[in-house]
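**Q** This is the structure, below, for whatever I ask next.
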Amino acid sequence: MTEIKAPRGVRDILPDESWKWAYVLNHAHAVAGDFGYAEVHLPIFEHTELFSRGIGETTDVVEKEMYTFTDRGDRSLTLRPEATASMVRSYIEHDMAEAGQPVKLWCAGPMFRYERPQKGRYRQFWQLDFEALGSSNPMVDVEIIELSLELFRRLGLTNLEVMVNSVGCPKCRPVYKGRLMAYFGAHLDTLCESCVSRYSRNPLRILDCKNPQCRAVTEDAPGIYDSLCEDCRTHFTSVTDGMTRLGATFHVDKRLVRGLDYYTKTAYEVLSGQLGAQNAVCGGGRYDNLSEAVGGPALPSVGFATGLDRIILVMEEQGCSFGKRPAPLVYMIAQTPAVRTEAQILTASLRRSGLAVEMDYLGRSVKAQFKAASTLGARFAAIIGESEMEKGTVSLKDLESGEQVEVLRHDLAGKIRKLCESN
Ligand SMILES: [Zn+2]
Ligand SMILES: [Zn+2]
């Protein structure tokens, strides 16, 4: 039989990496706590309609990238390609409007998109997703942006650039669309094929085309600012003023857009100079009309998502610390086969006192056990042989200093802690 491998575009996160994931997730938990965001766990699959309406029928995600299947009850279900629509669904389903607003939630977990796999991009990828639901206050936009930056600061990321823009609202966006169409109409022969088709469907999306020729055209395209209605303009100014007050440096990027009607006002991205074309480490913004698009009440909200694979890649490229890789503090060494069961009892008693201990199960030589201890990065070797057995003692060797002492068995845990404290 042929060996079964993981499907294309998905991967195993093995121990060499998973401890780095835990490091980032621990920081996410801490930052979420400091900003008052509570964690939720949402389903991996939802009714397909939630995403087709909540992300938009004409987006690449819905048109080409969703994992959609029919279950045994003949329902169309989809593996979530993102978390925002589920957050909004959950808010509505559980009447969170009753609570003080905004309701601040976050979640972490795998998302699924059928995309071409490349460095840092997988078909199953982990996202951290933070949302503040139920407030139109621009100070909440500022909080969301600051939260993402604080997470990246604590992870040690540098060289980050914040790009912000407004995408207007259904009231003022048509004015801007008209101006864009007038501008792009004169450049249709220069635009790529997909941009030509976007021209009549959704000219805003031409602005984020990565094709160099299109980039050259969009360079001089009109920005949205002059087309914004009073409300959107005030909101945008309040957000940028708020960021300035917090000392955040940012750039206004007129090409930063979201092509759907329920994305409103603030759009932002945090870029890292380290990833080439794949350089957004986080993206977010306001989506005041998404709830209505999925059949809910008016629910002004703002949030961001960031990819765990991407963050770790940038951290590795920037040489950021992931803390200390988990290692046993003590390696229990049995000098002869006769004391192996005793070694297991001692191991258990040290673990019960809260110490990280490892031991050998291969019946290896003492030399090989010492080698295993150093490979695993243990600080101490606790050695039990027949003479120790008789005396009720254990020999404890500090593998860093090479010093060895003999201690009574019941003093072992205390002695280890003492040595850890003194150094
Ligand atoms: Zn507006
Ligand atoms: Zn294009």
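Ligands are numbered from 1 in the order shown, chains are lettered A, B, ... in the order of the structure tokens, and residues start at 1 in each chain.
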Could the residues of chain A that have an atom at most 6 Å from ligand 2 be listed as JSON lines, each with its closest atom pair and the distance in Å to one decimal, counting only C-alpha atoms and all ligand atoms and ordered by chain and ascending residue number?

**A**
{"residue": "A:Leu191", "atom": "CA", "partner": "ligand 2", "partner_atom_place_in_ligand_line": "1 (Zn)", "distance": 5.4}
{"residue": "A:Cys192", "atom": "CA", "partner": "ligand 2", "partner_atom_place_in_ligand_line": "1 (Zn)", "distance": 4.3}
{"residue": "A:Ser194", "atom": "CA", "partner": "ligand 2", "partner_atom_place_in_ligand_line": "1 (Zn)", "distance": 5.8}
{"residue": "A:Cys195", "atom": "CA", "partner": "ligand 2", "partner_atom_place_in_ligand_line": "1 (Zn)", "distance": 4.3}
{"residue": "A:Ile206", "atom": "CA", "partner": "ligand 2", "partner_atom_place_in_ligand_line": "1 (Zn)", "distance": 5.9}
{"residue": "A:Cys209", "atom": "CA", "partner": "ligand 2", "partner_atom_place_in_ligand_line": "1 (Zn)", "distance": 4.6}
{"residue": "A:Asn211", "atom": "CA", "partner": "ligand 2", "partner_atom_place_in_ligand_line": "1 (Zn)", "distance": 5.1}
{"residue": "A:Cys214", "atom": "CA", "partner": "ligand 2", "partner_atom_place_in_ligand_line": "1 (Zn)", "distance": 4.7}

**Q** For the selection just defined, write its residues with C-alpha atoms to a file, as a tab-separated table (two decimals), in the first residue's frame.

**A**
chain	number	residue	atom	x	y	z
A	191	LEU	CA	-4.72	47.47	-16.77
A	192	CYS	CA	-4.44	43.70	-16.38
A	194	SER	CA	-8.78	40.99	-14.00
A	195	CYS	CA	-8.67	44.73	-13.37
A	206	ILE	CA	-8.20	47.70	-8.87
A	209	CYS	CA	-3.93	44.77	-7.64
A	211	ASN	CA	0.42	43.67	-11.02
A	214	CYS	CA	-1.63	48.28	-12.54

**Q** From a DSSP calculation on the backbone, collect every residue of stretch 7-111 of chain A in strand (DSSP E or B) and output the set as JSON, numbers by chain.

**A** {"A": [38, 39, 45, 46, 47, 67, 68, 69, 70, 76, 77, 78, 79, 103, 104, 105, 106, 107, 108, 109, 110, 111]}

**Q** Apply DSSP to the structure's backbone, then extract all residues of stretch 12-217 of chain A labelled alpha helix (DSSP H) and return them as a PyMOL selection string.

**A** chain A and resi 15-35+48-55+60+84-93+138-154+173-185+193-201+212-217

**Q** Within 7 Å of ligand 1, which residues show up when you count only C-alpha atoms and all ligand atoms? List them as a PyMOL selection string, please.

**A** chain A and resi 168-173+228-232

**Q** Restricting the output to N, CA and C atoms, write the selected residues as a PDB file, in the first residue's frame.

**A**
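The resulting file, out.pdb, is shown below:
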ATOM      1  N   GLY A 168     -14.682  54.692   3.434  1.00  0.00           N
ATOM      2  CA  GLY A 168     -15.967  55.367   3.317  1.00  0.00           C
ATOM      3  C   GLY A 168     -17.126  54.511   3.791  1.00  0.00           C
ATOM      4  N   CYS A 169     -18.311  54.854   3.337  1.00  0.00           N
ATOM      5  CA  CYS A 169     -19.505  54.112   3.723  1.00  0.00           C
ATOM      6  C   CYS A 169     -20.430  54.044   2.506  1.00  0.00           C
ATOM      7  N   PRO A 170     -21.523  53.294   2.592  1.00  0.00           N
ATOM      8  CA  PRO A 170     -22.394  53.172   1.417  1.00  0.00           C
ATOM      9  C   PRO A 170     -22.922  54.527   0.917  1.00  0.00           C
ATOM     10  N   LYS A 171     -22.866  55.544   1.792  1.00  0.00           N
ATOM     11  CA  LYS A 171     -23.362  56.863   1.382  1.00  0.00           C
ATOM     12  C   LYS A 171     -22.339  57.578   0.482  1.00  0.00           C
ATOM     13  N   CYS A 172     -21.067  57.541   0.880  1.00  0.00           N
ATOM     14  CA  CYS A 172     -20.078  58.320   0.126  1.00  0.00           C
ATOM     15  C   CYS A 172     -19.240  57.484  -0.852  1.00  0.00           C
ATOM     16  N   ARG A 173     -19.247  56.187  -0.694  1.00  0.00           N
ATOM     17  CA  ARG A 173     -18.395  55.376  -1.563  1.00  0.00           C
ATOM     18  C   ARG A 173     -18.787  55.459  -3.041  1.00  0.00           C
ATOM     19  N   LEU A 228     -15.040  61.568   0.876  1.00  0.00           N
ATOM     20  CA  LEU A 228     -15.691  61.094   2.109  1.00  0.00           C
ATOM     21  C   LEU A 228     -16.817  62.036   2.557  1.00  0.00           C
ATOM     22  N   CYS A 229     -17.879  61.434   3.095  1.00  0.00           N
ATOM     23  CA  CYS A 229     -18.941  62.255   3.682  1.00  0.00           C
ATOM     24  C   CYS A 229     -18.439  62.814   5.017  1.00  0.00           C
ATOM     25  N   GLU A 230     -19.178  63.737   5.544  1.00  0.00           N
ATOM     26  CA  GLU A 230     -18.810  64.410   6.785  1.00  0.00           C
ATOM     27  C   GLU A 230     -18.501  63.399   7.911  1.00  0.00           C
ATOM     28  N   ASP A 231     -19.419  62.443   8.070  1.00  0.00           N
ATOM     29  CA  ASP A 231     -19.308  61.443   9.127  1.00  0.00           C
ATOM     30  C   ASP A 231     -18.024  60.619   8.977  1.00  0.00           C
ATOM     31  N   CYS A 232     -17.768  60.137   7.745  1.00  0.00           N
ATOM     32  CA  CYS A 232     -16.582  59.305   7.511  1.00  0.00           C
ATOM     33  C   CYS A 232     -15.295  60.112   7.682  1.00  0.00           C
TER      34      CYS A 232
END

**Q** Return as a tab-separated table the residues of stretch 106-171 of chain A lying at most 10 Å from stretch 309-332 of chain A, together with the closest atom-to-atom pair for each and the distance in Å to one decimal, counting only C-alpha atoms, with rows in chain order and ascending residue number.

**A**
residue	atom	partner	partner_atom	distance
A:Lys119	CA	A:Leu313	CA	9.0
A:Gly120	CA	A:Arg310	CA	5.5
A:Arg121	CA	A:Asp309	CA	7.5
A:Tyr122	CA	A:Asp309	CA	8.6
A:Phe125	CA	A:Asp309	CA	7.0
A:Trp126	CA	A:Asp309	CA	6.7
A:Gln127	CA	A:Asp309	CA	8.3
A:Phe152	CA	A:Ile311	CA	8.5
A:Leu155	CA	A:Cys320	CA	7.3
A:Gly156	CA	A:Cys320	CA	5.8
A:Leu157	CA	A:Met315	CA	6.3
A:Thr158	CA	A:Gln318	CA	7.7
A:Asn159	CA	A:Gln318	CA	9.0
